[in-house]
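J.: Structure provided below as structure tokens; questions to follow.
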Amino acid sequence: MDNYKKVHFIPPIPQKRDKRIGIYCRVSTNSSEQLQSLAAQVSHLTKITAATPQWLLADVYMDISTSKTGSSRKEFSRMLDDCVSHKLDIIFTKSISRFGRDTVETIEALNKLKNADVRVIFEQEELDTANTDSDLMISIIESFAQAENESRSENIKWGIKQGAASGTSKLYDRKCYGYKHDEDGKLIIDEETAENVKMIFDLYLRGQSVLGIIKELEKRKIPSPTGKEKWCKRTIDVMLSNEKYTGDVRLLKTGKSEVHYLATDNNPAIISKEVFEAVQLERVRRSNVVVGVDGQLCKNKKYSSKRK
């Protein structure tokens with residue numbers, strides 16, 4: 001009789017899931033795109049948690065809040081309370097930017113969690129507070145925060161340029177003295193204040209100085225654009241150089257921008273282009289600055305702009 005060996009399959013003893021995990025996710029708005037992002041964050045981190053031995057998903061914390069200091073983050077606060085109450089061992093989150101709204105808040109929260117003996121794992125940056133020195137962690141967080149702020153700043157600049165190039169930027173219809181908005185947010189002439197704009201340009205071309213114009217406005221009891229009795233010299237200077245009064249608007253014309261955008265006939269004109277150009281030439285003449293024989297700029301003592 002043949003002897004057959006009986007072979008028994010003995011499966012491995014599953015590891016006990018004894019590390020209680022809390023997943024934290026945050027988005028900045030409740031738009032459909034952001035809510036989809038929130039769902040994607042939760043789904044992704046949940047799959048990783050389920051596939052990791054010894055990890056037991058204890059709770060999921062989700063916030064919809066902006067980066068503003070006063071913005072409420074109830075779920076974030078609840079998560080911190082659960083950590084202090086020793087209900088969690090590890091916090092698992094997508095990235096440093098999703099965890100904290102700024103560097104100070106992030107560092108304060110990490111210190112609180114460290115005192116509660118809770119690890120924090122940032123999936124995107126591959127950072128684990130259990131394996132990272134505190135000073136190094138602070139340095140890393142600050143560097144990531146700076147990089148993100150720079151990226152956000154570049155995105156904002158890009159958005160402004162795109163809006164300027166396509167003509168959709170709201171900056172084209174930004175209100176100034178002499179104009180008001182119609183029901184669609186477009187610029188229309190405010191007849192009462194527009195007459196004051198015309199008077200200011202006319203007085204300047206007649207030889208009045210900026211201070212002289214201010215005296216005339218205050219003598220006639222015409223309130224400033226902010227409703228005050230006194231007019232500011234800079235207000236008049238800005239008005240006299242504002243191309244919008246001719247109906248044209250130029251964006252990105254200052255600073256280090258290598259390009260600028262001109263929208264012609266953007267709004268109804270209060271001042272003719274001829275009058276505007278005449279004022280610009282007069283402003284240059286009164287600036288007391290001329291080009292010397294050596295090519296250097298210098299003061300022209302023959303003209304004084306202090307005429308009253």
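In the structure tokens, chains take letters A, B, ... by order of appearance, with residues numbered from 1 within each chain and ligands from 1 in the order shown.
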Could you pull out the strand (DSSP E or B) residues of range 40-84 of chain A, going by DSSP on the backbone, and write them as a list in words?
T.: Trp55, Leu56, Leu57, Ala58, Asp59, Val60, Tyr61, Met62, Asp63 and Ile64 of chain A
J.: Residues at most 7 Å from range 188-200 of chain A, counting only C-alpha atoms, excluding those fewer than 5 positions away in the same chain, as a VMD selection string?
T.: chain A and resid 177 to 182 213 267 to 268 270 to 271
J.: Name the residues in contact with range 20-24 of chain A at a cut-off of 12 Å, using only C-alpha atoms, excluding same-chain residues fewer than 4 positions from it; report them as a ChimeraX atom specification.
T.: /A:16,38-39,41-50,52-64,73-83,86-100,118-123
J.: Can you list, as a ChimeraX atom specification, all residues belonging to range 17-257 of chain A that DSSP tags as alpha helix (DSSP H)?
T.: /A:32-50,74-84,96-99,103-115,134-166,191-205,210-219,233-240
J.: Smallest atom-to-atom distance to Leu35 in chain A: which of A:Ser143, A:Ile222, A:Ser65, A:Ile214, using only C-alpha atoms?
T.: A:Ser65
